[in-house]
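Data first, discussion second: the structure below is written as C-alpha cells.
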Amino acid sequence: MTPPITVALAGNPNAGKTTLFNALTGARQHVGNYPGVTVEKKEGFYVAPGGEQINIVDLPGTYSLTAYSVEEVVARDYLVQERPDVVVNIVDASNLERNLYLTTQFLELGVPMVVALNMMDVASDRGIAIHAERLAELLGVPVVPIVARSSKGTAELMAAVLALANQAPEWNPLHISYGEDLDRVLLSMERHIAAQAFLTHRYPARWLAVKYLENDSQIRERGAQENAAASAALDHWVQEASDHLQRTLETYPEAIIADHRYGYIKSILRQEVLSRKYDADRLYTSDRIDKVLTNRFLGPLIMLVVLLGLYKFTFSYSALPVAWLGGLFGLLREGIGALLPEGYLKSMLIAGVIDGVGGVLGFVPLIMFMFFGIAILEDSGYLARVAFMMDRVFRMFGLHGSSVMAYIVSGGIAGGCAVPGVMATRTLRSERERLATLLTVSFMNCGAKLPVLVLLTGAFFANNQAQVMFLLTLLAWAVALLVAKLYRVTILRGESTPFVMELPPYRLPTLRGLLIHTWERTWQYIKKAGTVILAISILLWAMMTFPGLPEVAHERIDAQRQELVASYPDEVVQEATEEGADITELSAPAADLLNRLDVLDRQEAERALEYSVAGRIGKALEGVSRFAGFDWRTNIALVGGFTAKEVVVSTLGTAYSLGKVNPEESVSLAQTLMGDPNWNPVMAFALIVFVMFYAPCSVTVVCIAREAGSWKWGLFAMGFNTIFAFGLATLVYQLGMALGLGG
Amino acid sequence: MPRMMLRQMKRGQSGVIAAVKVGGELGRRIRDMGLVPGTQITVQGRAPLYDPVALRVLDSTLTLRNNEADHIEVDVS
C-alpha cells in the first residue's frame, strides 16, 4: 500500500475552513497543540470513494504568511517542514480579492495546491459571478467551487486533491514582478542565495529574498544562524533598497510588495474571472442587521441583553446537570462511607479523590454551556461586533474589545466562574491583551466566593448587605481592570496589537459545528485539568490531615468521652446510642448527652486541624497575617480555599469547632464569628478583600497555566495575587482600625 | 478629488486609498486586510464611542481604531 496522503487545509479566518474540515472528517478528528505554542492543531482523516485514506491537517486561519503572529508562523513552518502532499486553500468566493492575497503567497512559496472556492451560494446571492475554470487557468492550479456548509462539491474537491497528489508534483514557486527597483535587487539577492546554497534545502531562493525585503524577523534570525556572512550581505541589499524607496517614494519595500501582490490579483480578476450584477456598495443583509445591532444607542443596549442572556444561559441551565453530578458524587461518597472502615484510606478517597474529581467534573456542565453559548456568538459573527463596540473602553486599560466576554463569564456579573472565563480568552487573538485578560479574570466575584462574601457581609454588614455586595462587584471590576493596566505597562508592556479586524457577515451557526466546537473544548478541559487537579486535591487533603493527632491526645479525648458517658444513667446512654436515634425525639438527658459528645467530636476535629501541616502553616503565618487582622484559624481556612473558595466557609467551621459547615447554611458560623472578640467589621472587610483577590483556586491556576502555555504564569498568578491581596487587606485593616471603625 | 485622513471621513463617505504611511506590524496588518493604495473604501459606521471605525473594503467589512486610521490617506469622491 502507498503511504497515506497528507493534506493541509489553509485559508483566511471566516472563510469556512473549520466547516470544511468538519464536513470532510466528521467525528474522525482529534485536537492537539503545535509543539511549544498554544495554537490548536486539528487533525482528522477523509476516506475517498476508492478507499484511499487522506490525512487532513487544519492549519490556523491566517490572512498572510508573515512572522507577526504565532498562527502565521505555525502555518508557514508546517508547510516548509512537513511538506504536505497537497495544500487545500479555502477561499471565500464572496470576498475573493482579499482571500486571494494568501493564495498568492502560497503560489510564491510553490506548494502543490488546490483552491476550494467556498460560499458560492453567498457570492451568487450578492450578484457575484465567478468563472472557476478561468481562475484555475490564470492561477495555474485546480479550482473547485464548493459550499462547505452543505458539503456540496466536497467529493469533487477531494477527487482533485487525489489527482494532484498522485502526480507527486514538485514545488513550483510563482514569480511576481514587484516593480523595476525591487526586481533588480531581488535578482542579485537570488543569485547570492543560490550561490551560497543559503537555506535553499528548505525555502525557494526568491521567496527567501522576498522575506528579507519584507524584513521578516523569523527568516532573518534563521538566516543569521545558518550563515552570518551571507545573511549580512542580504541585509545590506535590503538596506540599500529601503533607503532608496524611502528617498524616492517615501515608502517601505514591504508596502511595494503588498501593492504588487494586490495588483497581480486585480489583473487576474479583471480577465473575465469575476463579474458583478450590482454596485459594490450595495447594502447586504448583514449590513442592514448591523445598522441596528451596532447602532450608537440600540447597540450597547442589545449587547447588554445578549451578554446577560449568555450569563443566564450558562449559569441557570447548567444548574440542573451540575446538581445531578453533585447528587452522583454524593451517592459515591455515601457508598464509600458505608463500605470502608474509618481511617485514612476512606478519608483520602472521600475528601481527596471524590471531592477532587467531583470538583473537576462539577465544572463540566458549566464549561459546556458556556462554550456552547460563546460558540453561537462566535459562529454567528456577533462576538466581533461586541469587540467592536467595547474596544474603546477596554483599550484604556491596555486590553481588547473581546476581553469583555471573559470578564463577564468569570463573575463580572457576580456568580460566574473563572475557569470558563480563563478558557473564554481563547477568542482573543492578540497575545499581550490575552495574557493580561486571563491573569486578571480571577479577580471577579465567582460563584464560589459568594458564600464567603454572603457569610461575612451577613454577619458584619447585615443592615446594608445588598449595597455592600454591589460595591464588591464594582470593586472587583476596578481592581481587575487596573491590575490589567498595571501588567500592560510593566511585565506585558508593548504596543497594543493592531485592532484591524474583520466584521464577518452574520451567519446562522450549524448545530453540528456548535456541538463539535463545544465538545472538543470541554474534552480538553477534562483531560488536562483532571489529572493535575486530582493531585492538588490529594495534596491539600494530606496537608489538612497529617500529621494526625498523637495517641496521647486521642486517649485524652476518649477518656473525656467515657467520663461523660459514665456520668449518665445506663438507660439514657442506651437510648442515645441506639441505631437510628433521632435527636428531636429523644428524652432531654439523652439529647443532652448526644450534644455534649458532638461538642467533643468537634473539638477533636479542631485540634486535629490545628495539629496538621495546614494548621502549622496557619500558625506560622499568624505573625504576618496579624497585620491584616487574620488569626491562625482564618489562615487555615484560606489555605483550604485554594481547592475552591467556598471551602473557606467549611474550614472556618471546623477551625471554630462547629464541625463541617454547609456553605449554603452558615448561620451558626456567622453568629460564632460575630461573638468572637477577634472579629470586627474592619477585619471582616479585610478578609473579604483578601478572599476576592488572593491566589485563584487550583482549578483556575491549572487553566491559567494551560491557556498561557506555561506553568510560570500559573505560579505567577498565585504569588502575585496573594501578595497583592494581602497588601490591600492590610491597608484596609490598618486604616480601618486607625480610624476606629473596628467598634 | 480632495485628499483627507481616514479619521476625518464621515459616515457614508467613500473614497480611494491614496497612501498607507506606516510600516512594521501595523502596516503589515493593514495591507494584509486589503487596505492598499487604489482600493475603494466606504465608511460604514463607527462604534458607540466614535472609535473604532467600520469600513466597507472590497467585499468585506473591516474595523480599525482611529489612531490606526491616522496612517491612511484617502482621495475622497
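As shown in the C-alpha cells, the chain order sets the letters A, B, ...; within each chain, residues go from 1, and ligands are also counted from 1 in the order they appear.
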Name the residues in contact with Val22 in chain B at a cut-off of 9 Å, using only C-alpha atoms, excluding same-chain residues fewer than 6 positions from it; report them as number ranges by chain. A: 251-252, 255; B: 28, 71-72
Chain B residues near chain A (9 Å cut-off, only C-alpha atoms) as a count of residues only: 40
I'd like the neighbourhood of Asp58 in chain A as a list in words, where a residue qualifies if any of its atoms comes within 10 Å (using only C-alpha atoms), though same-chain residues fewer than 5 positions away should be ignored. Val7, Ala8, Leu9, Ala10, Gly11, Lys17, Thr18, Leu20, Phe21, Asn22, Val31, Glu40, Lys41, Lys42, Glu43, Gly44, Ala75 and Val88 of chain A
Determine, counting only C-alpha atoms, which protein, DNA and RNA residues have an atom within 10 Å of an atom of Lys346 in chain A; residues of the same chain fewer than 6 positions away are not included. Present the result as a ChimeraX atom specification. /A:333,336-340,352-353
Output C-alpha atoms for every residue in that selection, as a PDB file, in the first residue's frame.
ATOM      1  CA  ARG A 333     -19.353   9.406  48.932  1.00  0.00           C
ATOM      2  CA  ILE A 336     -17.666   4.520  50.143  1.00  0.00           C
ATOM      3  CA  GLY A 337     -18.575   5.821  53.585  1.00  0.00           C
ATOM      4  CA  ALA A 338     -20.710   2.740  54.189  1.00  0.00           C
ATOM      5  CA  LEU A 339     -18.338   0.193  52.646  1.00  0.00           C
ATOM      6  CA  LEU A 340     -14.966   1.191  54.023  1.00  0.00           C
ATOM      7  CA  GLY A 352      -9.188  13.886  48.365  1.00  0.00           C
ATOM      8  CA  VAL A 353     -10.290  11.807  45.399  1.00  0.00           C
TER       9      VAL A 353
END
Have a look at CA of Ile130 in chain A and CA of Ser275 in chain A and let me know their distance in Å, one decimal. 6.7 Å
At a cut-off of 12 Å, using only C-alpha atoms, what residues contact Gln167 in chain A? Leave out same-chain residues fewer than 6 positions from it and give the result as a PDB file with all heavy atoms, in the first residue's frame.
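And here is the file that came out, part.pdb:
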ATOM      1  N   ILE A   5      -1.915   9.930   1.983  1.00  0.00           N
ATOM      2  CA  ILE A   5      -1.652  11.294   1.525  1.00  0.00           C
ATOM      3  C   ILE A   5      -1.970  12.268   2.657  1.00  0.00           C
ATOM      4  O   ILE A   5      -2.941  12.077   3.386  1.00  0.00           O
ATOM      5  CB  ILE A   5      -2.550  11.588   0.315  1.00  0.00           C
ATOM      6  CG1 ILE A   5      -2.148  10.676  -0.832  1.00  0.00           C
ATOM      7  CG2 ILE A   5      -2.493  13.037  -0.088  1.00  0.00           C
ATOM      8  CD1 ILE A   5      -3.197  10.555  -1.890  1.00  0.00           C
ATOM      9  N   ASP A  85       1.434  16.737   1.043  1.00  0.00           N
ATOM     10  CA  ASP A  85       1.363  16.413  -0.388  1.00  0.00           C
ATOM     11  C   ASP A  85       0.618  17.483  -1.161  1.00  0.00           C
ATOM     12  O   ASP A  85       0.999  17.832  -2.265  1.00  0.00           O
ATOM     13  CB  ASP A  85       0.674  15.051  -0.569  1.00  0.00           C
ATOM     14  CG  ASP A  85       1.486  13.948   0.079  1.00  0.00           C
ATOM     15  OD1 ASP A  85       2.523  13.596  -0.485  1.00  0.00           O
ATOM     16  OD2 ASP A  85       1.102  13.484   1.172  1.00  0.00           O
ATOM     17  N   VAL A  86      -0.480  17.963  -0.562  1.00  0.00           N
ATOM     18  CA  VAL A  86      -1.276  18.988  -1.224  1.00  0.00           C
ATOM     19  C   VAL A  86      -1.764  19.985  -0.180  1.00  0.00           C
ATOM     20  O   VAL A  86      -2.072  19.597   0.950  1.00  0.00           O
ATOM     21  CB  VAL A  86      -2.506  18.365  -1.942  1.00  0.00           C
ATOM     22  CG1 VAL A  86      -3.397  19.459  -2.540  1.00  0.00           C
ATOM     23  CG2 VAL A  86      -2.072  17.389  -3.028  1.00  0.00           C
ATOM     24  N   PRO A 112       2.206  22.553  -3.841  1.00  0.00           N
ATOM     25  CA  PRO A 112       1.149  21.982  -4.691  1.00  0.00           C
ATOM     26  C   PRO A 112      -0.201  22.306  -4.064  1.00  0.00           C
ATOM     27  O   PRO A 112      -0.393  22.041  -2.877  1.00  0.00           O
ATOM     28  CB  PRO A 112       1.409  20.475  -4.651  1.00  0.00           C
ATOM     29  CG  PRO A 112       2.781  20.310  -4.060  1.00  0.00           C
ATOM     30  CD  PRO A 112       3.038  21.502  -3.221  1.00  0.00           C
ATOM     31  N   ALA A 160     -10.049  16.072  -6.889  1.00  0.00           N
ATOM     32  CA  ALA A 160      -9.000  16.921  -7.462  1.00  0.00           C
ATOM     33  C   ALA A 160      -7.723  16.825  -6.631  1.00  0.00           C
ATOM     34  O   ALA A 160      -6.612  16.803  -7.167  1.00  0.00           O
ATOM     35  CB  ALA A 160      -9.481  18.372  -7.536  1.00  0.00           C
ATOM     36  N   VAL A 161      -7.883  16.748  -5.307  1.00  0.00           N
ATOM     37  CA  VAL A 161      -6.727  16.633  -4.410  1.00  0.00           C
ATOM     38  C   VAL A 161      -5.979  15.331  -4.686  1.00  0.00           C
ATOM     39  O   VAL A 161      -4.745  15.320  -4.824  1.00  0.00           O
ATOM     40  CB  VAL A 161      -7.181  16.696  -2.933  1.00  0.00           C
ATOM     41  CG1 VAL A 161      -6.067  16.256  -2.007  1.00  0.00           C
ATOM     42  CG2 VAL A 161      -7.646  18.098  -2.574  1.00  0.00           C
TER      43      VAL A 161
END
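Rounded to one decimal, CA of Leu186 in chain A and CA of Thr248 in chain A lie 18.4 Å from each other.
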Residues within 10 Å of Thr39 in chain B, only C-alpha atoms, excluding chain neighbours under 4 positions, as a PyMOL selection string: (chain A and resi 262) or (chain B and resi 15-18+34-35+57-58+74)
